[in-house]
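Chemist: Have a look at this one before I ask anything.
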Amino acid sequence: MEAMSAPLFTETEWTFQALDRVLKAVEEIAIDDLKLDVYPNQIEIISTEQMLDAYSAMGMPLMYNHWSFGKLFAREDALYRAGHIGLAYEMVINSNPCISYLLEENSMTMQTIVIAHAAFGHNHFFKNNYLFQQWTNAESILEYLAFAKRYIAACEERYGHAEVEAVLDSAHALMDQGVFRYCRPPRPSRARLMEKQRKRMEHAEEDYSELWRTLPAGAEPPPPDRERWDLDEDEFGSVPKLPEENLLYFLEKFSPSLKSWQRETLRIVRHLAQYFYPQRQTKLMNEGAATFVHHTIMNTLYDKGLLTEGAIFEFLASHTAVVFQPDFDDPRYSSINPYALGFAMMSDIKRISEQPADEDRAWFPSFAGNGDWRDVLKDAWANYRDESFIEQFLSPKLMRDFKLFALSDDAEAPVVTVSAIHDEAGYRRLRSTLARQYDVGETDPNIQVTGANLKGNRKLFIEHRMHRGVPLNAQIKAQVMPHIERLWGHEVALEEIAAE
Amino acid sequence: MTYFIDRRLNPKGKSLANRQRFLRRARAQIREAVQKSLKDSGVADVAKGRKVRISTQGTKEPRFRLDPKKGGKRDFVLPGNKDFVPGDQIKKPQAGQSGGSGKDAATSGDAEDDFEFTMREDEILDIFFEDLELPNLVRTALSEVPSQSWKRAGITTAGAPTQINLLRTMRNSFGRRLALRRPTLADIKALEEEIAVLEASGAAAEAGGPEKLAALRMELERLNARRKWVAFIDPVDVRFNAFTEQPVPTSNAVMFCLMDVSGSMGEREKDLAKRFFVLLHLFLKRRYEKVDIVFIRHTHDAQEVDEQTFFYSRQSGGTIVSTALEKMLEIQKERYTTSDWNIYAAQASDGYTQSGDAKRCVELLENELMPICQYYAYIEILDEREMEVFSSEEAGAELWRAYRMVAENWKNFATKRIAKPSDIFPVFHDLFKKQEAV
């Protein structure tokens, strides 16, 4: 590769030819230099309204219809028009091929950044991080969503909007409790997955068959000939594994009052929840990795003479804004910016690998000074999630840079106490405290089904094991309970007990 | 092989279906809320701007959430320590204030997770009147002189001095001065002081003194020269607020509100009439910028009055409805030529008028008023008992029956009945709902 080449683009407006040139150049660095491992890319140009559409559909290009998405769209639209939020200039989907969206209003420089950030940074992360590999299936998600959309639309036509909406409302309310956190559900092979889907689509079509539509109202079509849960006492005694953390799964399989299409709907919602679950646990790393990748690629392009001064300035302005972290007492503060901390940690790892200080050698003996930052980073991206990543890799230097400090809050006390600051005595405690903030096991309530009196009054027993004595918000609890009751069909009791 | 796909031409509005569903759910409650306020509050309050609370029962998305304020312990980390040390105790903010720890992000992203949220009056009215419009609004544009409105269109490098955007100009100028390293006054002063000190202490005496002094003087000259040719503000820095003209086609409309305040209209009837007109007034103000409203009230003679008098003052007398119509005609001829204005009218009465007067009214309507009106709405205010008696469309008080004949001849004439406050909005809705495009 020659040292000085012509810039990839000089105009602000993007063109397809320029996008193509940029893609090739970015890909070269990503694959040959950083040695990233990515899914094939599918890059789509969309308009602002389509981006808002995508936001409201959880970022997916396909989604079933629900009023809550309409509410989200209305809110985002209003906020955008009033200028309170800027649109994300990128959106990317964990799928194979990996779909990234480019806004049509972006400048050519921004499109370059987005390609580096999303089509290579996020792409690599989705493909290689263990949580995504374990819990999501990038190959089949889009097909599955297509099936879900069709299925729900068919149900609406057959059973009415109101009925379907009711089930979806309740399912959404329990979405956070609709995931498996600890035990992996058995993963069917790809062939079996396809077969299952095909069967379901067949059933959906069967249930919706032309013949039954022409029957006079009141004529009940015979029950579909497929697995239907039987309230057999023998069966029940042996089947559910209690306590069960996945409420939607439990309701889907064991609720005495749901019809089969309602169970399928619950299954759809919980599959979606499961698909998104790893994203919540790796937000920091994912954004940090993608930001680091785009930062490295943009600078390399500039060093090679492939970007003009104007382009690199535009990049620096945008990048600085993205990784800005306001202090806790700044009116702009809302939380720790994952882009800021994530990027800082990735850059720090590179620094420690190449030019460690003595402190770094003491804290990170395994890779300090080995010069091999590409492998260190890729290993981290593959085998850690936010909580373990921070616990393992947050350096004292970064704690000083961000001037982190830890607070201890007891609800009974009128004060919060500073428990650690960025000094010698406090580093380890500070790091552990921060790591725990990213542990969904701690931040999500621990709610599990503990029993159901199916032979008697059919009461369902749920327990919230309070972590460190923090209870559920009572008002919200009162609003969610009716949803559980609707899905179960009988009385539900939720008890909050101290875990320790 | 990477693919670029241009989706911009794809059908948009994927969220349309979802938005409609959401609005459907929300609208029902907003309607209810406004209905309630129409019923309960005084006539004055409905028109005033105020907050209306509606329950979000139907549009909530609750999810289990922890409540650390209620109990338990937790630890968390913040950035940007200034001077805390371990063991420091910080007072917790009172409930209601936002603490330094920032806000919890609610799962659905809403800040209004409580049972009720307040909407501003104009937001409610927007949704309320969303599917209503003045029918048959013809754009009577005088095409030579369409009115213009100016809209902000960002920043530009050329413009009038009054439109200078000071913030951006100064920002650019600062950047340019930094980049070109223009010496600040502080630098100059420091150097001058140094020279003064050196001179005062008798530089000639020290070794190398004179050279140093000469060098400093040259440096001062250089700095001063530099300050001269790097301007404080350069034309290149200056930015102006930009505006674009947007032509607004004129569609003038005038609404004549005719209210019967005679003796036969009791307090209750007058109240209902007023509420109807208040709603109409709100609707027009909200939806149309350029609508004139003419208030005419009549007993045995008619007067044009202002808004205040129309809604608030009391009056009584006999009933001759045709006087109101004559007044309307008079005002229209005087001030609102049909070539420039769309003319609308809404009349509220209890239907009882002097005998023989109904005929006169019909005459006036058929011959003079209907030909020039885009739409004429007649509201008859009845007793609840009367409502039952006159249950069919045909039967009614004298004026009603007479107006039925007009309705048969004219498509843009509508008659409706109101017996209680809860009728007001449905009737209003019926009268003004959006027509399909003809």
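Chain lettering (A, B, ...) mirrors the order of the structure tokens, residue numbering begins at 1 for each chain separately, and ligand numbering begins at 1 in order of display.
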Residues of chain A no more than 6 Å from chain B, counting only C-alpha atoms: send them over as a VMD selection string.

Modeler: chain A and resid 41 to 47 53 65 to 67 69 to 71 173 327 to 329 334 402 to 411 414 to 420 434 468 to 473 480

Chemist: Write the residues of the selection above to a file with N, CA and C atoms, as a tab-separated table (two decimals), in the first residue's frame.

Modeler:
```tsv
chain	number	residue	atom	x	y	z
A	41	ASN	N	-21.77	-7.90	5.38
A	41	ASN	CA	-22.48	-6.66	5.69
A	41	ASN	C	-23.56	-6.36	4.69
A	42	GLN	N	-24.66	-5.82	5.19
A	42	GLN	CA	-25.70	-5.31	4.31
A	42	GLN	C	-25.98	-3.91	4.80
A	43	ILE	N	-25.59	-2.92	4.02
A	43	ILE	CA	-25.67	-1.53	4.48
A	43	ILE	C	-26.83	-0.84	3.78
A	44	GLU	N	-27.73	-0.28	4.55
A	44	GLU	CA	-28.93	0.29	3.96
A	44	GLU	C	-28.99	1.79	4.20
A	45	ILE	N	-29.38	2.52	3.16
A	45	ILE	CA	-29.54	3.97	3.29
A	45	ILE	C	-31.01	4.25	3.58
A	46	ILE	N	-31.27	4.99	4.63
A	46	ILE	CA	-32.68	5.25	4.96
A	46	ILE	C	-32.89	6.73	5.27
A	47	SER	N	-34.16	7.12	5.29
A	47	SER	CA	-34.50	8.51	5.58
A	47	SER	C	-34.73	8.67	7.08
A	53	ASP	N	-38.91	5.15	12.57
A	53	ASP	CA	-39.66	3.89	12.52
A	53	ASP	C	-38.84	2.78	13.17
A	65	ASN	N	-47.10	-5.43	15.09
A	65	ASN	CA	-47.68	-4.14	15.44
A	65	ASN	C	-48.15	-4.11	16.87
A	66	HIS	N	-47.91	-2.99	17.53
A	66	HIS	CA	-48.44	-2.81	18.88
A	66	HIS	C	-48.49	-1.34	19.19
A	67	TRP	N	-49.48	-0.93	19.97
A	67	TRP	CA	-49.65	0.50	20.24
A	67	TRP	C	-48.47	1.09	20.99
A	69	PHE	N	-45.45	0.66	20.42
A	69	PHE	CA	-44.47	1.15	19.47
A	69	PHE	C	-44.94	2.48	18.90
A	70	GLY	N	-46.27	2.61	18.76
A	70	GLY	CA	-46.81	3.87	18.28
A	70	GLY	C	-46.55	4.98	19.28
A	71	LYS	N	-46.69	4.64	20.54
A	71	LYS	CA	-46.45	5.65	21.58
A	71	LYS	C	-44.99	6.06	21.56
A	173	ALA	N	-45.38	-6.41	29.62
A	173	ALA	CA	-45.16	-6.02	31.01
A	173	ALA	C	-44.20	-6.97	31.70
A	327	ASP	N	-19.42	15.68	34.48
A	327	ASP	CA	-19.24	15.32	35.88
A	327	ASP	C	-20.59	15.15	36.56
A	328	PHE	N	-20.60	14.53	37.70
A	328	PHE	CA	-21.86	14.21	38.36
A	328	PHE	C	-22.66	15.45	38.73
A	329	ASP	N	-21.95	16.59	38.93
A	329	ASP	CA	-22.68	17.80	39.33
A	329	ASP	C	-22.93	18.73	38.15
A	334	SER	N	-26.33	12.57	33.23
A	334	SER	CA	-27.44	11.65	33.48
A	334	SER	C	-26.93	10.29	33.94
A	402	PHE	N	-11.27	9.80	35.26
A	402	PHE	CA	-12.69	10.10	35.40
A	402	PHE	C	-13.03	10.60	36.79
A	403	LYS	N	-12.05	10.57	37.68
A	403	LYS	CA	-12.27	10.99	39.07
A	403	LYS	C	-13.48	10.28	39.66
A	404	LEU	N	-13.45	8.96	39.53
A	404	LEU	CA	-14.57	8.19	40.04
A	404	LEU	C	-14.58	8.17	41.55
A	405	PHE	N	-15.78	8.10	42.09
A	405	PHE	CA	-15.90	7.89	43.53
A	405	PHE	C	-17.15	7.09	43.81
A	406	ALA	N	-17.10	6.30	44.88
A	406	ALA	CA	-18.19	5.39	45.19
A	406	ALA	C	-18.99	5.91	46.37
A	407	LEU	N	-20.32	5.74	46.26
A	407	LEU	CA	-21.20	6.18	47.34
A	407	LEU	C	-21.95	4.98	47.88
A	408	SER	N	-22.16	5.04	49.18
A	408	SER	CA	-22.91	3.99	49.84
A	408	SER	C	-24.22	4.58	50.31
A	409	ASP	N	-25.32	3.97	49.87
A	409	ASP	CA	-26.62	4.57	50.15
A	409	ASP	C	-27.50	3.60	50.93
A	410	ASP	N	-27.88	4.03	52.12
A	410	ASP	CA	-28.85	3.24	52.90
A	410	ASP	C	-30.16	4.01	52.88
A	411	ALA	N	-31.23	3.37	52.45
A	411	ALA	CA	-32.50	4.08	52.29
A	411	ALA	C	-32.97	4.73	53.59
A	414	PRO	N	-30.31	9.52	56.30
A	414	PRO	CA	-30.54	10.80	55.64
A	414	PRO	C	-29.37	11.25	54.79
A	415	VAL	N	-28.27	10.50	54.87
A	415	VAL	CA	-27.09	10.89	54.10
A	415	VAL	C	-26.61	9.73	53.26
A	416	VAL	N	-25.86	10.05	52.19
A	416	VAL	CA	-25.08	9.01	51.50
A	416	VAL	C	-23.63	9.20	51.94
A	417	THR	N	-22.93	8.08	52.02
A	417	THR	CA	-21.55	8.13	52.49
A	417	THR	C	-20.61	7.80	51.34
A	418	VAL	N	-19.53	8.58	51.25
A	418	VAL	CA	-18.51	8.28	50.25
A	418	VAL	C	-17.72	7.09	50.75
A	419	SER	N	-17.70	6.02	49.95
A	419	SER	CA	-17.04	4.82	50.44
A	419	SER	C	-15.66	4.62	49.82
A	420	ALA	N	-15.43	5.21	48.65
A	420	ALA	CA	-14.10	5.05	48.05
A	420	ALA	C	-13.89	6.16	47.04
A	434	LEU	N	-18.19	-0.36	40.79
A	434	LEU	CA	-18.62	0.00	39.44
A	434	LEU	C	-19.01	-1.24	38.65
A	468	ARG	N	-30.18	-7.10	48.99
A	468	ARG	CA	-29.79	-6.05	49.95
A	468	ARG	C	-31.00	-5.25	50.41
A	469	GLY	N	-32.13	-5.91	50.50
A	469	GLY	CA	-33.29	-5.27	51.08
A	469	GLY	C	-34.01	-4.26	50.22
A	470	VAL	N	-33.70	-4.20	48.93
A	470	VAL	CA	-34.37	-3.20	48.09
A	470	VAL	C	-35.67	-3.80	47.54
A	471	PRO	N	-36.81	-3.19	47.85
A	471	PRO	CA	-38.07	-3.77	47.42
A	471	PRO	C	-38.46	-3.31	46.01
A	472	LEU	N	-39.54	-3.88	45.51
A	472	LEU	CA	-40.08	-3.43	44.24
A	472	LEU	C	-40.86	-2.15	44.45
A	473	ASN	N	-40.93	-1.33	43.41
A	473	ASN	CA	-41.76	-0.14	43.47
A	473	ASN	C	-43.22	-0.56	43.59
A	480	VAL	N	-48.52	-4.16	37.46
A	480	VAL	CA	-48.07	-5.34	36.71
A	480	VAL	C	-48.86	-6.58	37.13
```

Chemist: Determine, counting only C-alpha atoms, which protein, DNA and RNA residues have an atom within 7 Å of an atom of Glu304 (chain B); residues of the same chain fewer than 6 positions away are not included. Present the result as a CSV table (one decimal) with C-alpha atoms, in the first residue's frame.

Modeler:
```csv
chain,number,residue,atom,x,y,z
B,295,PHE,CA,-70.8,37.3,17.9
B,296,ILE,CA,-74.4,38.2,17.5
B,297,ARG,CA,-76.9,37.7,20.2
```

Chemist: Would you give me, as a ChimeraX atom specification, the residues in region 120-352 of chain B that DSSP reads as helix (DSSP H, G or I)?

Modeler: /B:121-128,161-163,166-179,185-200,203-205,209-229,267-287,307-312,321-335

Chemist: Once you have the residues from the selection above, write them out as an mmCIF file, in the first residue's frame, restricted to C-alpha atoms.

Modeler:
```cif
data_model
loop_
_atom_site.group_PDB
_atom_site.id
_atom_site.type_symbol
_atom_site.label_atom_id
_atom_site.label_comp_id
_atom_site.auth_asym_id
_atom_site.auth_seq_id
_atom_site.Cartn_x
_atom_site.Cartn_y
_atom_site.Cartn_z
ATOM 1 C CA GLU B 121 -54.398 22.633 27.095
ATOM 2 C CA ASP B 122 -53.254 23.159 23.551
ATOM 3 C CA GLU B 123 -51.947 19.588 23.232
ATOM 4 C CA ILE B 124 -55.278 18.268 24.338
ATOM 5 C CA LEU B 125 -57.169 20.509 22.021
ATOM 6 C CA ASP B 126 -54.945 19.422 19.181
ATOM 7 C CA ILE B 127 -55.825 15.805 19.621
ATOM 8 C CA PHE B 128 -59.392 16.731 20.429
ATOM 9 C CA PRO B 161 -26.689 43.374 10.516
ATOM 10 C CA THR B 162 -29.786 42.955 12.658
ATOM 11 C CA GLN B 163 -29.656 39.229 12.051
ATOM 12 C CA LEU B 166 -23.390 36.890 17.973
ATOM 13 C CA LEU B 167 -22.584 33.595 19.600
ATOM 14 C CA ARG B 168 -21.405 31.890 16.472
ATOM 15 C CA THR B 169 -19.566 34.914 15.214
ATOM 16 C CA MET B 170 -17.606 35.280 18.423
ATOM 17 C CA ARG B 171 -16.941 31.585 18.522
ATOM 18 C CA ASN B 172 -15.502 31.625 15.031
ATOM 19 C CA SER B 173 -13.499 34.714 15.771
ATOM 20 C CA PHE B 174 -12.049 33.158 18.895
ATOM 21 C CA GLY B 175 -11.088 30.042 17.007
ATOM 22 C CA ARG B 176 -9.411 32.038 14.295
ATOM 23 C CA ARG B 177 -7.496 34.138 16.804
ATOM 24 C CA LEU B 178 -6.303 31.031 18.568
ATOM 25 C CA ALA B 179 -5.250 29.358 15.365
ATOM 26 C CA LEU B 185 -3.582 42.009 25.782
ATOM 27 C CA ALA B 186 -2.255 40.077 28.713
ATOM 28 C CA ASP B 187 0.744 38.963 26.691
ATOM 29 C CA ILE B 188 1.458 42.512 25.588
ATOM 30 C CA LYS B 189 1.113 43.854 29.079
ATOM 31 C CA ALA B 190 3.427 41.223 30.491
ATOM 32 C CA LEU B 191 6.037 42.059 27.929
ATOM 33 C CA GLU B 192 5.707 45.788 28.528
ATOM 34 C CA GLU B 193 6.117 45.240 32.223
ATOM 35 C CA GLU B 194 9.193 43.191 31.648
ATOM 36 C CA ILE B 195 10.661 45.970 29.521
ATOM 37 C CA ALA B 196 9.755 48.586 32.094
ATOM 38 C CA VAL B 197 11.375 46.594 34.871
ATOM 39 C CA LEU B 198 14.491 46.084 32.827
ATOM 40 C CA GLU B 199 14.682 49.763 31.925
ATOM 41 C CA ALA B 200 14.086 50.895 35.450
ATOM 42 C CA ALA B 203 19.781 47.509 31.945
ATOM 43 C CA ALA B 204 22.874 49.029 30.507
ATOM 44 C CA ALA B 205 24.721 48.064 33.655
ATOM 45 C CA GLY B 209 21.488 43.963 29.150
ATOM 46 C CA PRO B 210 21.190 46.226 26.113
ATOM 47 C CA GLU B 211 20.855 43.272 23.749
ATOM 48 C CA LYS B 212 18.182 41.780 25.902
ATOM 49 C CA LEU B 213 16.315 45.062 25.981
ATOM 50 C CA ALA B 214 16.582 45.487 22.243
ATOM 51 C CA ALA B 215 15.336 41.960 21.727
ATOM 52 C CA LEU B 216 12.401 42.546 24.030
ATOM 53 C CA ARG B 217 11.521 45.762 22.272
ATOM 54 C CA MET B 218 11.631 44.055 18.915
ATOM 55 C CA GLU B 219 9.442 41.302 20.276
ATOM 56 C CA LEU B 220 6.957 43.899 21.518
ATOM 57 C CA GLU B 221 6.895 45.515 18.108
ATOM 58 C CA ARG B 222 6.364 42.155 16.488
ATOM 59 C CA LEU B 223 3.522 41.317 18.799
ATOM 60 C CA ASN B 224 1.860 44.665 18.265
ATOM 61 C CA ALA B 225 2.143 44.297 14.524
ATOM 62 C CA ARG B 226 0.653 40.876 14.743
ATOM 63 C CA ARG B 227 -2.215 42.204 16.760
ATOM 64 C CA LYS B 228 -2.833 44.665 13.992
ATOM 65 C CA TRP B 229 -2.974 42.297 11.115
ATOM 66 C CA GLU B 267 -80.404 29.507 32.453
ATOM 67 C CA ARG B 268 -79.787 25.906 31.590
ATOM 68 C CA GLU B 269 -80.404 26.437 27.911
ATOM 69 C CA LYS B 270 -78.250 29.513 27.788
ATOM 70 C CA ASP B 271 -75.533 27.587 29.547
ATOM 71 C CA LEU B 272 -75.624 24.769 27.032
ATOM 72 C CA ALA B 273 -75.575 27.233 24.172
ATOM 73 C CA LYS B 274 -72.610 29.002 25.659
ATOM 74 C CA ARG B 275 -70.735 25.794 26.112
ATOM 75 C CA PHE B 276 -71.302 24.872 22.523
ATOM 76 C CA PHE B 277 -69.984 28.212 21.370
ATOM 77 C CA VAL B 278 -67.014 27.978 23.679
ATOM 78 C CA LEU B 279 -66.098 24.689 22.090
ATOM 79 C CA LEU B 280 -66.537 26.180 18.670
ATOM 80 C CA HIS B 281 -64.431 29.143 19.627
ATOM 81 C CA LEU B 282 -61.644 26.938 20.929
ATOM 82 C CA PHE B 283 -61.787 24.807 17.831
ATOM 83 C CA LEU B 284 -61.468 27.744 15.519
ATOM 84 C CA LYS B 285 -58.698 29.396 17.481
ATOM 85 C CA ARG B 286 -56.751 26.190 17.644
ATOM 86 C CA ARG B 287 -57.086 25.036 14.115
ATOM 87 C CA GLU B 307 -66.578 37.955 23.104
ATOM 88 C CA GLN B 308 -66.767 39.007 26.721
ATOM 89 C CA THR B 309 -70.342 40.193 26.501
ATOM 90 C CA PHE B 310 -71.395 37.228 24.414
ATOM 91 C CA PHE B 311 -70.263 34.704 26.978
ATOM 92 C CA TYR B 312 -70.678 36.397 30.250
ATOM 93 C CA VAL B 321 -84.978 34.994 15.441
ATOM 94 C CA SER B 322 -85.032 36.644 12.073
ATOM 95 C CA THR B 323 -83.444 39.755 13.530
ATOM 96 C CA ALA B 324 -80.273 37.780 14.102
ATOM 97 C CA LEU B 325 -80.206 36.588 10.530
ATOM 98 C CA GLU B 326 -80.788 40.089 9.269
ATOM 99 C CA LYS B 327 -77.969 41.370 11.413
ATOM 100 C CA MET B 328 -75.697 38.702 10.090
ATOM 101 C CA LEU B 329 -76.536 39.648 6.546
ATOM 102 C CA GLU B 330 -75.913 43.283 7.322
ATOM 103 C CA ILE B 331 -72.494 42.638 8.774
ATOM 104 C CA GLN B 332 -71.570 40.309 6.003
ATOM 105 C CA LYS B 333 -72.437 42.844 3.313
ATOM 106 C CA GLU B 334 -70.467 45.475 5.130
ATOM 107 C CA ARG B 335 -67.306 43.642 6.015
#
```

Chemist: May I have the residues within 8 Å of Ala377 (chain B) as an mmCIF file with C-alpha atoms, in the first residue's frame, using only C-alpha atoms and disregarding those fewer than 4 positions away in the same chain?

Modeler:
```cif
data_model
loop_
_atom_site.group_PDB
_atom_site.id
_atom_site.type_symbol
_atom_site.label_atom_id
_atom_site.label_comp_id
_atom_site.auth_asym_id
_atom_site.auth_seq_id
_atom_site.Cartn_x
_atom_site.Cartn_y
_atom_site.Cartn_z
ATOM 1 C CA ALA B 345 -72.569 30.365 10.732
ATOM 2 C CA ALA B 346 -73.676 28.561 13.857
ATOM 3 C CA GLN B 347 -76.972 29.322 15.474
ATOM 4 C CA PHE B 413 -77.119 23.163 6.190
ATOM 5 C CA ALA B 414 -77.124 21.001 9.284
ATOM 6 C CA THR B 415 -79.510 20.768 12.195
ATOM 7 C CA LYS B 416 -78.818 19.061 15.474
ATOM 8 C CA LEU B 431 -71.110 18.779 12.567
#
```

Chemist: Give me the residues near Leu23 (chain A) as a PyMOL selection string, where near means some atom within 12 Å (using only C-alpha atoms) and where sequence neighbours in that chain fewer than 6 positions away do not count.

Modeler: (chain A and resi 8-9+16-17+29-31+41-43+108+111-120+297+301) or (chain B and resi 1-4)

Chemist: Identify, on the basis of only C-alpha atoms, every residue whose closest approach to Ala362 (chain A) does not exceed 12 Å; exclude the query and any residue fewer than 5 positions from it along the same chain; express the result as a PyMOL selection string.

Modeler: chain A and resi 352+356-357+367-369+395-396

Chemist: Deliver the residues from the most recent selection as a file, using N, CA and C atoms, as a compact mmCIF listing (two decimals), in the first residue's frame.

Modeler:
```txt
# COMPACT_ATOMS: atom_id res chain seq x y z
N ILE A 352 -1.65 0.19 27.78
CA ILE A 352 -0.96 -0.69 28.74
C ILE A 352 -0.18 -1.75 28.01
N PRO A 356 3.35 0.45 29.11
CA PRO A 356 2.83 0.42 30.48
C PRO A 356 3.69 1.22 31.44
N ALA A 357 3.03 1.82 32.43
CA ALA A 357 3.76 2.40 33.54
C ALA A 357 3.95 1.29 34.58
N PHE A 367 -0.81 -8.89 30.51
CA PHE A 367 -0.62 -8.37 29.15
C PHE A 367 0.14 -7.05 29.09
N ALA A 368 0.51 -6.49 30.26
CA ALA A 368 1.21 -5.21 30.23
C ALA A 368 2.50 -5.37 29.46
N GLY A 369 2.69 -4.50 28.47
CA GLY A 369 3.95 -4.49 27.74
C GLY A 369 4.09 -5.58 26.69
N SER A 395 -8.47 0.35 34.89
CA SER A 395 -7.16 0.65 35.48
C SER A 395 -7.25 1.83 36.44
N PRO A 396 -6.31 1.92 37.38
CA PRO A 396 -6.29 3.07 38.28
C PRO A 396 -6.18 4.38 37.51
```

Chemist: Separation of CA of Ala273 (chain A) and CA of Gly160 (chain A), in Å?

Modeler: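 Separating CA of Ala273 (chain A) from CA of Gly160 (chain A) is a distance of 24.6 Å.
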
Chemist: From the options A:Val22, A:Ala435, A:Val92, A:Leu266, which residue's atoms come nearest to Glu391 (chain A), counting only C-alpha atoms?

Modeler: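 Ranking A:Val22, A:Ala435, A:Val92, A:Leu266 by distance to Glu391 (chain A), first place goes to A:Ala435.
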
Chemist: What is the CA of Phe315 (chain A)-CA of Tyr101 (chain A) distance in Å, reported with one decimal?

Modeler: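 Straight-line distance from CA of Phe315 (chain A) to CA of Tyr101 (chain A) works out to 18.5 Å.
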
Chemist: Could you work out how far CA of Phe324 (chain A) lies from CA of Ile99 (chain A), giving the answer in Å with one decimal?

Modeler: 27.2 Å

Chemist: Here is a test: counting only C-alpha atoms, which residue of B:Asn412, B:Ser422, B:Thr337, B:Thr157 is nearest to Val238 (chain B)?

Modeler: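 Distance minimum relative to Val238 (chain B) lands on B:Thr157.
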